[in-house]
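A short write-up of the structure that comes next.
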Amino acid sequence: MAIYTILTEAELGSHADKVDFILNNFVDNAKNPTRIMLKFDDSLPASLSSYDSYTESEVQAMQSDSSSDWYLG
Amino acid sequence: MLGVGLNIASSYTAALAAASAGYTNSHSVVLDGSGDFFDTNTTLQSQIRNSFTISAWIKLDDGTPSQTQYIAGSSNSGNLLGFAVQSSGKLTAVHQANSDIALYTADAATFSDGATDWAHVALKVTPTEAGSGTDYAIYLNGSEIACTKIFSVSASNHNQYTSARNLGAGGFTNGVGTATTTIDGFIDEFAFFDAALEDSEISAIGGGGAPTDITDHDHLHLYYKMNNSTDDEAGNSNGSLRDNAAFSTTTP
């Protein structure tokens with residue numbers, strides 16, 4: 001089951017695994033402020049465990065909510 | 001200078017319109033999304049160290065695929081180039097040079113869920129003066145779309161892009177003759193220009209609803225019509241069909 005998390009650009013930029021996350025886990029980004037959504041299988045890696053996590057259904061709700069920064073239209 | 005450039009682009013647009021009347025596009029390449037891709041058989045290292053433009057027509061089985069699908073790409077340690085459709089349906093470019101990385105993503109979904117119509121997509125990459133990082137522009141059907149850049153590639157590192165892997169069309173090469181996260185659908189008329197094309201030039205190539213013959217276009221470095229042939233019309237690097245990639249009579 002997929003699990004998601006959201007980091008700011010600064011948070012991702014300071015992460016040692018930044019490139020791996022961009023290449024393998026990037027799902028979407030949002031503006032003002034710039035944030036990056038990452039997707040993982042089953043659970044967040046230990047290095048990201050302090051961040052909030054979101055389920056597939058929660059992400060789908062954000063993507064279909066026109067008032068959300070993650071709205072896909 | 002700007003006026004001269006626009007006049008040249010306008011002249012090219014007119015010539016392209018005239019040339020397109022006689023172009024018969026007979027085939028595309030069909031890819032199954034699990035390793036199939038079109039190999040350009042060239043790394044394009046020196047070209048990617050400068051300004052360049054990638055152009056292709058694509059038709060996806062799903063505009064919001066379950067995982068990222070690469071229209072073009074190659075990966076080497078600390079260096080990569082990718083032009084992709086994300087699972088969100090957004091067009092995205094990722095560029096890494098000498099470990100600097102930039103991610104450039106559409107602000108709104110480019111494609112919807114389900115099979116897409118044929119679309120022309122283009123990525124323009126332009127190194128800039130020191131301090132501001134490389135510039136990117138993404139086009140859909142000849143028009144630039146709004147995108148956001150995350151991180152940046154410095155001018156000095158842009159010029160140190162190093163890759164021993166061929167650029168893949170319809171996939172992201174990760175080894176000799178192999179690619180990952182490939183397109184599930186069709187790709188056609190793949191072209192690589194060794195310059196940043198003018199907006200009007202990209203509009204002329206992709207804005208007309210169907211491909212035109214761009215064989216004589218300025219700065220054309222690779223051009224695969226994919227009309228039952230892997231030949232490069234620009235004469236620099238003939239391609240290869242990899243894995244189960246095959247020609248198809250489905251065309252834009």
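To be explicit about the labels: the chains of the structure tokens are called A, B, and onward in the order shown, and within each one the residues are counted from 1, while ligands get numbers from 1 in the order they are shown.
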
For this session: Pull out every residue of chain A that has at least one atom within 9 Å of chain B, counting only C-alpha atoms, and report them as a PyMOL selection string.
Result: chain A and resi 9+13+19+22-24+26-31+34-36+63+71-73

Backbone DSSP call of helix (DSSP H, G or I) for range 6-203 of chain B, listed as a compact mmCIF listing (two decimals) with C-alpha atoms, in the first residue's frame:
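Final output, saved to states.txt:
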```txt
# COMPACT_ATOMS: atom_id res chain seq x y z
CA LEU B 6 11.87 36.51 -35.56
CA ASN B 7 12.03 37.05 -39.30
CA ILE B 8 14.09 33.90 -39.73
CA ALA B 9 11.63 31.95 -37.58
CA SER B 10 8.68 33.34 -39.53
CA SER B 11 10.31 32.41 -42.81
CA TYR B 12 10.90 28.93 -41.50
CA THR B 13 7.28 28.66 -40.38
CA ALA B 14 6.09 29.55 -43.87
CA ALA B 15 8.50 27.09 -45.47
CA LEU B 16 7.42 24.38 -43.04
CA ALA B 17 3.76 24.92 -43.87
CA ALA B 18 4.54 24.56 -47.54
CA ALA B 19 6.66 21.45 -47.03
CA SER B 20 4.14 19.74 -44.77
CA GLN B 45 27.02 14.51 -24.21
CA SER B 46 28.48 17.53 -25.97
CA GLN B 47 25.05 18.70 -27.16
CA ILE B 48 23.49 18.37 -23.68
CA ALA B 155 26.20 27.20 -15.48
CA SER B 156 29.54 25.61 -14.66
CA ASN B 157 28.02 22.23 -13.88
CA HIS B 158 25.69 22.37 -16.90
CA ASP B 199 8.79 29.68 -29.49
CA SER B 200 7.54 30.28 -33.03
CA GLU B 201 9.61 27.36 -34.32
CA ILE B 202 8.18 24.99 -31.70
CA SER B 203 4.70 26.27 -32.48
```

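We find CA of Leu220 in chain B and CA of Ser34 in chain B to be spaced 29.5 Å apart.
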
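Reported to one decimal place, the separation of CA of Ala72 in chain B from CA of Val125 in chain B is 13.5 Å.
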
For this session: Name the residues in contact with range 45-49 of chain A at a cut-off of 10 Å, using only C-alpha atoms, excluding same-chain residues fewer than 3 positions from it; report them as a PyMOL selection string.
Result: chain A and resi 5-7+12+15-17+40-42+52-53

Exercise. Could you pull out all residues of range 9-173 of chain B with a DSSP call of strand (DSSP E or B) and give them as a count of residues only?
Worked result: 70

Exercise. Mind pulling up the distance from CA of Phe83 in chain B to CA of His217 in chain B?
Worked result: 21.9 Å

Using only C-alpha atoms, which residues sit within 10 Å of Asn238 in chain B once same-chain residues fewer than 5 positions away are excluded, as a PDB file with N, CA and C atoms, in the first residue's frame?
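Saved the output as result15.pdb:
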```pdb
ATOM      1  N   ASP B  39      16.263   3.459 -29.159  1.00  0.00           N
ATOM      2  CA  ASP B  39      17.623   3.842 -28.768  1.00  0.00           C
ATOM      3  C   ASP B  39      18.197   4.777 -29.820  1.00  0.00           C
ATOM      4  N   THR B  40      18.630   5.958 -29.398  1.00  0.00           N
ATOM      5  CA  THR B  40      19.229   6.890 -30.364  1.00  0.00           C
ATOM      6  C   THR B  40      20.666   6.490 -30.707  1.00  0.00           C
ATOM      7  N   ASN B  41      21.221   5.588 -29.923  1.00  0.00           N
ATOM      8  CA  ASN B  41      22.599   5.121 -30.141  1.00  0.00           C
ATOM      9  C   ASN B  41      23.630   6.237 -30.059  1.00  0.00           C
ATOM     10  N   THR B  42      23.309   7.271 -29.301  1.00  0.00           N
ATOM     11  CA  THR B  42      24.267   8.352 -29.089  1.00  0.00           C
ATOM     12  C   THR B  42      24.010   8.974 -27.721  1.00  0.00           C
ATOM     13  N   LEU B 222      19.208  15.193 -34.527  1.00  0.00           N
ATOM     14  CA  LEU B 222      18.642  13.850 -34.701  1.00  0.00           C
ATOM     15  C   LEU B 222      17.196  14.019 -35.155  1.00  0.00           C
ATOM     16  N   TYR B 223      16.777  13.179 -36.088  1.00  0.00           N
ATOM     17  CA  TYR B 223      15.371  13.222 -36.503  1.00  0.00           C
ATOM     18  C   TYR B 223      14.960  11.833 -36.972  1.00  0.00           C
ATOM     19  N   TYR B 224      14.140  11.204 -36.158  1.00  0.00           N
ATOM     20  CA  TYR B 224      13.654   9.875 -36.485  1.00  0.00           C
ATOM     21  C   TYR B 224      12.177   9.991 -36.878  1.00  0.00           C
ATOM     22  N   SER B 229      11.343   2.712 -40.261  1.00  0.00           N
ATOM     23  CA  SER B 229      12.789   2.837 -40.387  1.00  0.00           C
ATOM     24  C   SER B 229      13.336   3.474 -39.115  1.00  0.00           C
ATOM     25  N   THR B 230      14.540   3.040 -38.738  1.00  0.00           N
ATOM     26  CA  THR B 230      15.200   3.645 -37.580  1.00  0.00           C
ATOM     27  C   THR B 230      16.235   4.676 -38.007  1.00  0.00           C
ATOM     28  N   ASP B 231      16.250   5.018 -39.277  1.00  0.00           N
ATOM     29  CA  ASP B 231      17.242   5.964 -39.785  1.00  0.00           C
ATOM     30  C   ASP B 231      17.071   7.351 -39.167  1.00  0.00           C
ATOM     31  N   ASP B 232      18.218   7.995 -38.974  1.00  0.00           N
ATOM     32  CA  ASP B 232      18.231   9.393 -38.532  1.00  0.00           C
ATOM     33  C   ASP B 232      18.286  10.269 -39.781  1.00  0.00           C
ATOM     34  N   GLU B 233      17.234  11.025 -40.013  1.00  0.00           N
ATOM     35  CA  GLU B 233      17.167  11.864 -41.208  1.00  0.00           C
ATOM     36  C   GLU B 233      18.229  12.965 -41.185  1.00  0.00           C
TER      37      GLU B 233
END
```

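Look at Gly185 in chain B: the protein and nucleic acid residues within 8 Å of it, using only C-alpha atoms and passing over chain neighbours fewer than 6 places away, are B:Val30, B:Leu31, B:Asp32, B:Gly33, B:Ile58, B:Lys59, B:Leu60, B:Asp61.
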
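Candidate residues A:Leu44, A:Pro33, A:Lys39, A:Ser57 were compared for distance to Asp69 in chain A, and the nearest is A:Pro33, using only C-alpha atoms.
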
Problem set entry | Using only C-alpha atoms: which of B:Pro252, B:Gly63, B:Gly206, B:Gly22 has the shortest distance to Ile183 in chain B | B:Gly63

For this session: Name all residues at most 10 Å from Glu56 in chain A (count only C-alpha atoms; drop same-chain ones fewer than 2 positions away) and give them as number ranges by chain.
Result: A: 1-4, 39, 54, 58-62

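Each of B:Gly170, B:Gly175, B:Gly35, B:Gly142 was compared to Gly208 in chain B using only C-alpha atoms, and B:Gly142 turns out to be the nearest.
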